[in-house]
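Reviewing the structure listed below.
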Amino acid sequence: MQERLKNILEDAKKKLEEAVSVDETENIRVRFLGKKGELTEILKSMGSLTPEERKQLGQEANKTKQQIEELLQEKKEALKAIAQQAKFRMEKIDVTEPAKEIKVGTKHPVTITIEEIAKVFKSMGFTLTEGPEVETVFNNFDALNAGPYHPARDWTDTFYVNDEVLLRTQTSPVQVRTLKAQEPPIRVFAPGRCFRCDTPDATHSPMFHQVEGLVVDEGITMADLKGVLDSFAKQMFGEETKTKFRPHHFPFTEPSAEMDVSCFKCGGRGCRVCKGSGWIEILGCGMVHPNVLKVGGIDTEKYTGFAFGMGVERVAMLKYEIDDIRLLYENDMRFIEQFK
Amino acid sequence: MIVSLEWLKDYVDVNVDPVTFCDRMIMSGSNLETLELVGQDIKKVVVGKIVEITKHPDADKLSVCQIEVGEESPIQIVTGAPNVFVGAYVPVCLDGSHIPGPLHGQPKVEGGVDLKASKLRGVLSNGMLASFSELGFSDKVIPVDQKDGIWILPEGLKVGEEVVSALGLEDAIIDFEITPNRPDCLSMIGMAREAAATFGESFRYPETVCKNEVEDVNDYVKVSVESENCKRYTARVVKDVKVAPSPWWLQKKLIHAGMRPINNIVDITNFVMLEYGQPLHAFDIESLAGHQIIVKEAKDGDTFVTLDGTERKLDSEMLMINDCEKAVAVAGVMGGLNSEITDSTSTIVVESANFFSNSVRMTSKRLTLRTEASGRYEKGIDPNLCQAAADRVCYLIELLGAGTVVKGTVDIYPKKETANRVHARVSRINHVLGISLDRETMVKYLTNLEMKVEGEGDDLYVTAPTVRQDMAIEEDVVEEVARIYGYDNLPVTIPKGNNEAGQSHDRDVKDLTRETLCGMGLNEIQTYSFVSPKGLDNIRIEEDSWERNFVKILNPLGDDTSVMRTVLTPQMLEVMARNFNRKLPAFAAFEIGNTFTANWLDEKGLPYESDNLSIGMYGKGVDFFTLKGVVAGLLSKLGIKDIVYVPETEYGVYHPGRCARIVATNVHTDFEGDEEIELGIMGEVHPEVTEKYDIDTKAYVCELFFENVIELSNTVKLYHQIPKHPAITRDIALLCDEEMTVREIEEAILGLKIDLIKDVKLFDIYRGAQVPENKKSMAFSITYRDDERTLTDDEVVKAHSAVLATLKDKLGLTLREM
């Protein structure tokens, strides 16, 4: 009997080795372990044996059964793995084929630049505010301390709707609106469109964008102005950026300054972008002129403030090395999509 | 303002190199445009004297010159210059010399030209004789008589000396940007004053007192001023004038300041103008009828021939200088041909006058004639300069021996300009700047700027020279202290106090819209706020539509930018057309921008400004429903519910069968109850419109009144429980006329207001076999669910029967066998 069990095991082993499909292994299982299988037959025939012999043979038979089951399992898994490998080989793809396009659009570079500037000022506690593009002559000039004969008022410089209404030439009238509407402390910035009578060419556009800023509170100093704008420059153009404040003139600030930043293309060594000087003029700023504060009914003894303004196109053009401002308003998709 | 550093040293001691000089001047407020170091690239060019000239044996146009150059014997140089003569002093470029060039008749070479001895047609030339331009001078400054041929140097120079030192050619030419508040800096004296304060050096005024004056000016000329636009008129007279070329020192200063020397009289007036910033004019007294000067406005329609030979039309707002018969100059702009100084002039009237800046500006603009003088008057000049400038002219004429100065000045100066005395406080200056500077230092800064400081303790009473018309209030004093202290020396601090940063709901919605649309693959565009009114014709907007309620620009650059836009669609189509014409196969973009409509209630009031959003698309696979998907997706992202798309057949922009108005329904309002609000319109662009824009494909456009979208946008999110109980869906197919819309069926079903109906969704439209002509089969899926418990079959059957009944009763629709 034991001999037979051994033969069965050997036989099953051999059959399994020859098997090439999961189906075949199933047939082998039925043949050896099925209800009418060879091993089952042996177990059935044990009735004629002594309890002693039965016990011993039973153990042996069970052991053989277990061994066959293990072999079956192994074989099945091996065959499954082979089958899967074959399937994978069939399903192999060329991953270098082009992607199925899922288009992502891009914002206009002017928007992107405004958002970058806005992010910095928001982080410094500035609130975004806006004003109309069509403004009063008063808000655009008189309230900003521009005298009645200021050349910017000329019809050759400024677009007029009538003698009291114009297309704003700067975002500074938002300062006036804010000062009229709000009590200090004030800490706002205002992006927006501006207009001047410039015939379009590579560096001029009759419409452009500015970002204006205004801070008014007790004890605001010119050192604060430097601190805020220096911090802006570092956040906007990189931690290494240095700033230089030069005296300048604007009717609505006194003292006034222009801020240069060390060239963010060459780090100040001098290159094409900074025209070799190592510095790039980036914005105008100054302490708010008392005449402007007075328009807003603000006590100029108690409060001081600073204001600044910068051209968005200028920043965008420097940053992206765009050499013609007209590209910004042509809206060729191949241009816009470069700013993804 | 062009400053010759060597000239500036006449008034102030500057002991630093040009680069340091510029750096410090920048930081005290004179911004640098350009710095040019001249004379440095002229090497081995010496003063020579021609001692003999012979003809070249083989070339008619060449001469062979023997020239003393300070060596034992003269050297031989061959030249083609026609103006050489024996005894002439000339610049000689020796063998191995270097000059900036360009060489005569040749293009400019970067880095200059090296010269060597060579043979010209077989005759040895030990170098070259140089012209002005070969030594690097620009054509516009070369004296008229030196334009052709080589440079004939002033006599008496030391033969053999380098021309650079003999003529003082080394200089730093600095162009400073002068801000409009500082017209006083448009003068050498003004810049010297700045330099003195910047470097803490003292400053010297030039000499103005003549040694010998004769007779009385009042016997020569009478002046009357009949206009308020002339703030001051001073006149001096010089007789026995000898017009001649100026000496080299004077010519050199003008040349380095960028001006061409003409003759001694003209050169002196130009020189003094650059020195003081005060324009001057010289008349030949014989051309002034009655020896009279009358300052008054012209009459409309008068004409006048200016010095440049052009006849100009005048009007009654233009200020003129007249004699008792005729006009002789446009005040502050240009003299007349009729009173020009000539070689035969013997007595001149020197005008040193002050005209109102705006009057000169308007005159100059209307005549389209801008001159050095008009540019200066426009910016504003201190009337107190007139006398000193006139005196300086007389002094220099005497110095050059160019005439005899007549004693006295005719001076009409009705309202004397006096200096402001400005009160400032030491404490306030420190408070604004964030520093703690002592009074003494402040006083020193101000005194160096020629300001008088009085008062004590905290009080500073500051009187600036009258040229400083910008000094009016305390803040002006703050700025003076700040810039001399140095902005770069101010501390860097962050303002105290903290503010909550924020932005409006408007801006939030705009930001979210941009993000969403970009996420859907659309690009953002930006177009001008002003447009052509013809854009509305192109998109077939009717004559009397609200869209034509334009805000018009009175002085536009052109017709195509003459009105503020009322809608964005025409520009979207323009951009689509541009991209289509550049062969871009697909396009999807949006613009968020202001639109403007005129304020009819208040003509002088501001127009209505509101944001619109336009979307435009074309390309393979793009149709109405692609665009609708974008619109619906956006509105859903913005939290706007219950949108319906109402067919619109009348709006000219769109295909009448493929256009919808976008309407928000069930909008809760406080007064009117639930309302419908129109958000915009969308559709396939009318073929006539695409044809107009040369877009040879189907295009889809949407324009939203973004203000309404912003108003309704609600991005507050609330959690709703995920349904616990199963839903039951029933699909129905309905045989409909072609005219039947999805919306009619949806409305009929949802109109039942059965709570169990949670969704009605079209999932198929079928036309073809088993469906008759002009009919279609529309298949809907209806979802039933009870949020509280599991539905029973009976409940569903009951609700579904009601649906079928209403479809039959209201729309006459019956189920089609599926």
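Labeling convention for the structure tokens: chains A, B, ... as they appear, residues from 1 per chain, ligands from 1 in order of appearance.
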Pick out each residue of range 165-400 of chain B that DSSP on the backbone tags as helix (DSSP H, G or I); I need them as an MDAnalysis selection string.
-> chainID B and resid 165:167 183:185 188:199 217:219 248:256 264:276 285:287 289:291 337:339 357:366 372:379 385:399
Put those residues in a file: C-alpha atoms, as a CSV table (one decimal), in the first residue's frame.
chain,number,residue,atom,x,y,z
B,165,SER,CA,46.2,119.1,-23.1
B,166,ALA,CA,46.8,122.2,-25.4
B,167,LEU,CA,43.0,122.4,-26.0
B,183,PRO,CA,14.0,123.9,-13.4
B,184,ASP,CA,16.7,125.7,-11.5
B,185,CYS,CA,18.9,122.7,-12.2
B,188,MET,CA,25.4,125.2,-14.7
B,189,ILE,CA,24.9,127.4,-11.7
B,190,GLY,CA,22.0,125.3,-10.5
B,191,MET,CA,24.0,122.1,-10.9
B,192,ALA,CA,27.0,123.7,-9.2
B,193,ARG,CA,24.8,124.6,-6.3
B,194,GLU,CA,23.6,121.0,-6.1
B,195,ALA,CA,27.2,119.7,-6.3
B,196,ALA,CA,28.3,122.2,-3.6
B,197,ALA,CA,25.6,120.9,-1.2
B,198,THR,CA,26.3,117.3,-2.1
B,199,PHE,CA,30.0,117.5,-1.5
B,217,VAL,CA,20.6,152.8,-22.0
B,218,ASN,CA,17.4,154.9,-21.8
B,219,ASP,CA,18.7,157.0,-24.6
B,248,TRP,CA,38.5,128.5,-28.1
B,249,TRP,CA,37.7,128.4,-24.4
B,250,LEU,CA,34.2,129.6,-25.0
B,251,GLN,CA,33.7,127.4,-28.1
B,252,LYS,CA,34.9,124.4,-26.2
B,253,LYS,CA,32.4,124.9,-23.4
B,254,LEU,CA,29.6,125.2,-25.8
B,255,ILE,CA,30.8,122.1,-27.8
B,256,HIS,CA,31.0,120.1,-24.6
B,264,ASN,CA,30.9,135.7,-30.4
B,265,ILE,CA,27.5,137.4,-29.7
B,266,VAL,CA,25.4,134.3,-30.3
B,267,ASP,CA,27.8,132.2,-28.4
B,268,ILE,CA,27.8,134.5,-25.4
B,269,THR,CA,24.0,134.5,-25.2
B,270,ASN,CA,24.0,130.7,-25.4
B,271,PHE,CA,26.8,130.4,-22.9
B,272,VAL,CA,24.9,132.6,-20.4
B,273,MET,CA,21.7,130.7,-21.0
B,274,LEU,CA,23.5,127.5,-20.1
B,275,GLU,CA,25.1,129.2,-17.1
B,276,TYR,CA,22.0,130.8,-15.6
B,285,ILE,CA,18.7,147.9,-32.7
B,286,GLU,CA,18.4,149.3,-36.3
B,287,SER,CA,15.8,146.7,-37.0
B,289,ALA,CA,11.4,150.7,-35.6
B,290,GLY,CA,11.4,153.7,-33.3
B,291,HIS,CA,14.0,151.8,-31.2
B,337,LEU,CA,14.2,137.0,-39.5
B,338,ASN,CA,13.6,140.7,-39.6
B,339,SER,CA,15.7,141.6,-36.5
B,357,SER,CA,5.5,129.3,-18.6
B,358,ASN,CA,2.1,128.2,-19.7
B,359,SER,CA,1.8,131.0,-22.3
B,360,VAL,CA,5.1,129.9,-23.8
B,361,ARG,CA,4.1,126.3,-23.7
B,362,MET,CA,0.8,126.9,-25.5
B,363,THR,CA,2.4,129.1,-28.1
B,364,SER,CA,5.2,126.7,-28.7
B,365,LYS,CA,2.7,123.8,-29.0
B,366,ARG,CA,0.4,125.7,-31.4
B,372,GLU,CA,15.9,125.5,-26.3
B,373,ALA,CA,14.4,128.8,-25.0
B,374,SER,CA,10.8,127.7,-25.1
B,375,GLY,CA,11.7,124.4,-23.3
B,376,ARG,CA,13.2,126.4,-20.5
B,377,TYR,CA,10.4,128.9,-20.2
B,378,GLU,CA,7.9,126.1,-20.1
B,379,LYS,CA,9.5,124.6,-17.1
B,385,LEU,CA,17.6,135.9,-12.9
B,386,CYS,CA,17.0,138.5,-15.7
B,387,GLN,CA,19.3,141.2,-14.4
B,388,ALA,CA,22.3,139.0,-13.6
B,389,ALA,CA,22.1,137.1,-16.9
B,390,ALA,CA,21.9,140.4,-18.9
B,391,ASP,CA,24.9,141.7,-16.9
B,392,ARG,CA,26.8,138.6,-17.5
B,393,VAL,CA,26.3,138.9,-21.3
B,394,CYS,CA,27.6,142.5,-21.2
B,395,TYR,CA,30.6,141.4,-19.0
B,396,LEU,CA,31.5,138.7,-21.5
B,397,ILE,CA,31.2,141.0,-24.5
B,398,GLU,CA,33.5,143.4,-22.8
B,399,LEU,CA,35.8,140.6,-21.8
Within 6 Å of chain A: residues of chain B, using only C-alpha atoms, as JSON, numbers by chain | {"B": [27, 29, 179, 432, 433, 434, 475, 479, 490, 491, 492, 493, 494, 495, 499, 500, 501, 502, 503, 518, 519, 521, 522, 523, 524, 525, 527, 553, 554, 555, 579]}
Could you tell me, as a VMD selection string, which residues of range 77-254 of chain A DSSP assigns to strand (DSSP E or B) when given the backbone?
-> chain A and resid 127 to 128 134 to 136 160 to 162 165 to 167 186 to 195 207 to 218 243 to 250 253 to 254
Output file for the selection above: C-alpha atoms, as a PDB file, in the first residue's frame:
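Output (selection.pdb):
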ATOM      1  CA  THR A 127      -5.909  95.046   1.178  1.00  0.00           C
ATOM      2  CA  LEU A 128      -6.639  94.946  -2.537  1.00  0.00           C
ATOM      3  CA  VAL A 134     -12.907 106.507 -16.279  1.00  0.00           C
ATOM      4  CA  GLU A 135     -12.194 109.085 -13.589  1.00  0.00           C
ATOM      5  CA  THR A 136     -12.833 112.681 -12.711  1.00  0.00           C
ATOM      6  CA  TYR A 160     -10.709 113.203 -22.128  1.00  0.00           C
ATOM      7  CA  VAL A 161     -14.395 112.322 -22.115  1.00  0.00           C
ATOM      8  CA  ASN A 162     -15.346 115.893 -21.271  1.00  0.00           C
ATOM      9  CA  VAL A 165     -13.980 113.388 -16.938  1.00  0.00           C
ATOM     10  CA  LEU A 166     -10.972 111.541 -18.348  1.00  0.00           C
ATOM     11  CA  LEU A 167      -9.412 108.117 -18.693  1.00  0.00           C
ATOM     12  CA  ILE A 186      -4.963 102.547   5.816  1.00  0.00           C
ATOM     13  CA  ARG A 187      -2.924  99.885   4.079  1.00  0.00           C
ATOM     14  CA  VAL A 188      -4.155  99.236   0.548  1.00  0.00           C
ATOM     15  CA  PHE A 189      -2.864  98.444  -2.908  1.00  0.00           C
ATOM     16  CA  ALA A 190      -4.708  98.942  -6.157  1.00  0.00           C
ATOM     17  CA  PRO A 191      -3.928  97.306  -9.489  1.00  0.00           C
ATOM     18  CA  GLY A 192      -5.597  98.648 -12.595  1.00  0.00           C
ATOM     19  CA  ARG A 193      -5.564  99.992 -16.115  1.00  0.00           C
ATOM     20  CA  CYS A 194      -4.273 103.442 -17.065  1.00  0.00           C
ATOM     21  CA  PHE A 195      -4.302 105.387 -20.292  1.00  0.00           C
ATOM     22  CA  MET A 207      -3.229 101.452 -22.274  1.00  0.00           C
ATOM     23  CA  PHE A 208      -1.124  99.925 -19.532  1.00  0.00           C
ATOM     24  CA  HIS A 209      -1.411  98.722 -15.943  1.00  0.00           C
ATOM     25  CA  GLN A 210      -0.130 100.073 -12.672  1.00  0.00           C
ATOM     26  CA  VAL A 211      -0.186  98.883  -9.107  1.00  0.00           C
ATOM     27  CA  GLU A 212      -0.618 101.643  -6.572  1.00  0.00           C
ATOM     28  CA  GLY A 213       0.000 101.373  -2.846  1.00  0.00           C
ATOM     29  CA  LEU A 214      -0.936 103.556   0.101  1.00  0.00           C
ATOM     30  CA  VAL A 215      -0.175 103.356   3.814  1.00  0.00           C
ATOM     31  CA  VAL A 216      -1.441 105.979   6.250  1.00  0.00           C
ATOM     32  CA  ASP A 217      -1.220 105.745  10.012  1.00  0.00           C
ATOM     33  CA  GLU A 218       0.203 107.484  13.036  1.00  0.00           C
ATOM     34  CA  THR A 243      17.375  98.221  -3.412  1.00  0.00           C
ATOM     35  CA  LYS A 244      18.462 101.797  -4.005  1.00  0.00           C
ATOM     36  CA  PHE A 245      16.235 104.779  -3.248  1.00  0.00           C
ATOM     37  CA  ARG A 246      17.014 107.895  -5.277  1.00  0.00           C
ATOM     38  CA  PRO A 247      15.424 111.295  -4.730  1.00  0.00           C
ATOM     39  CA  HIS A 248      12.842 112.064  -7.391  1.00  0.00           C
ATOM     40  CA  HIS A 249       9.751 114.180  -7.871  1.00  0.00           C
ATOM     41  CA  PHE A 250       6.039 113.446  -7.992  1.00  0.00           C
ATOM     42  CA  THR A 253       4.487 112.836  -2.616  1.00  0.00           C
ATOM     43  CA  GLU A 254       7.092 114.814  -0.697  1.00  0.00           C
TER      44      GLU A 254
END
Skip range 42-48 of chain A itself and residues of its chain fewer than 4 positions away, then list as a ChimeraX atom specification all residues within 9 Å of it, counting only C-alpha atoms.
-> /A:1,4-5,37-38,53-54,57-58,61
Any idea what's packed within 8 Å of Gly258 in chain B, counting only C-alpha atoms, ignoring anything in its chain fewer than 6 positions away? Could you give it as a list in words?
->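 The residues satisfying every condition are Ile2, Lys140 and Val141 of chain B.
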Those selected residues, please, written with C-alpha atoms and delivered as a tab-separated table (two decimals), in the first residue's frame.
chain	number	residue	atom	x	y	z
B	2	ILE	CA	24.22	118.28	-20.05
B	140	LYS	CA	26.03	119.03	-34.62
B	141	VAL	CA	28.65	120.85	-32.52
Find the spatial neighbours of range 68-85 of chain A, counting only C-alpha atoms, within a cut-off of 9 Å - ignore same-chain residues fewer than 4 positions away - and output them as a PyMOL selection string.
-> chain A and resi 9+12-13+16-17+19-22+25-26+28-29+32-33+63-64+89-90
Of the candidates A:Gly297, A:Gln56, A:Val273, A:Ile325, which one gets nearest to Thr178 in chain A if we count only C-alpha atoms?
-> A:Gly297
For each of B:Ile754, B:Ala733, B:Val631, B:Leu517, take the minimum atom-to-atom distance to Glu703 in chain B, counting only C-alpha atoms, then give the residue where this is smallest.
->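 Among the listed residues, the smallest separation from Glu703 in chain B belongs to B:Val631.
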Quick one: of A:Ser172, A:Thr40, A:Gln67, A:Thr113, who's nearest to Met236 in chain A, counting only C-alpha atoms?
->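 Nearest candidate to Met236 in chain A out of A:Ser172, A:Thr40, A:Gln67, A:Thr113: A:Thr113.
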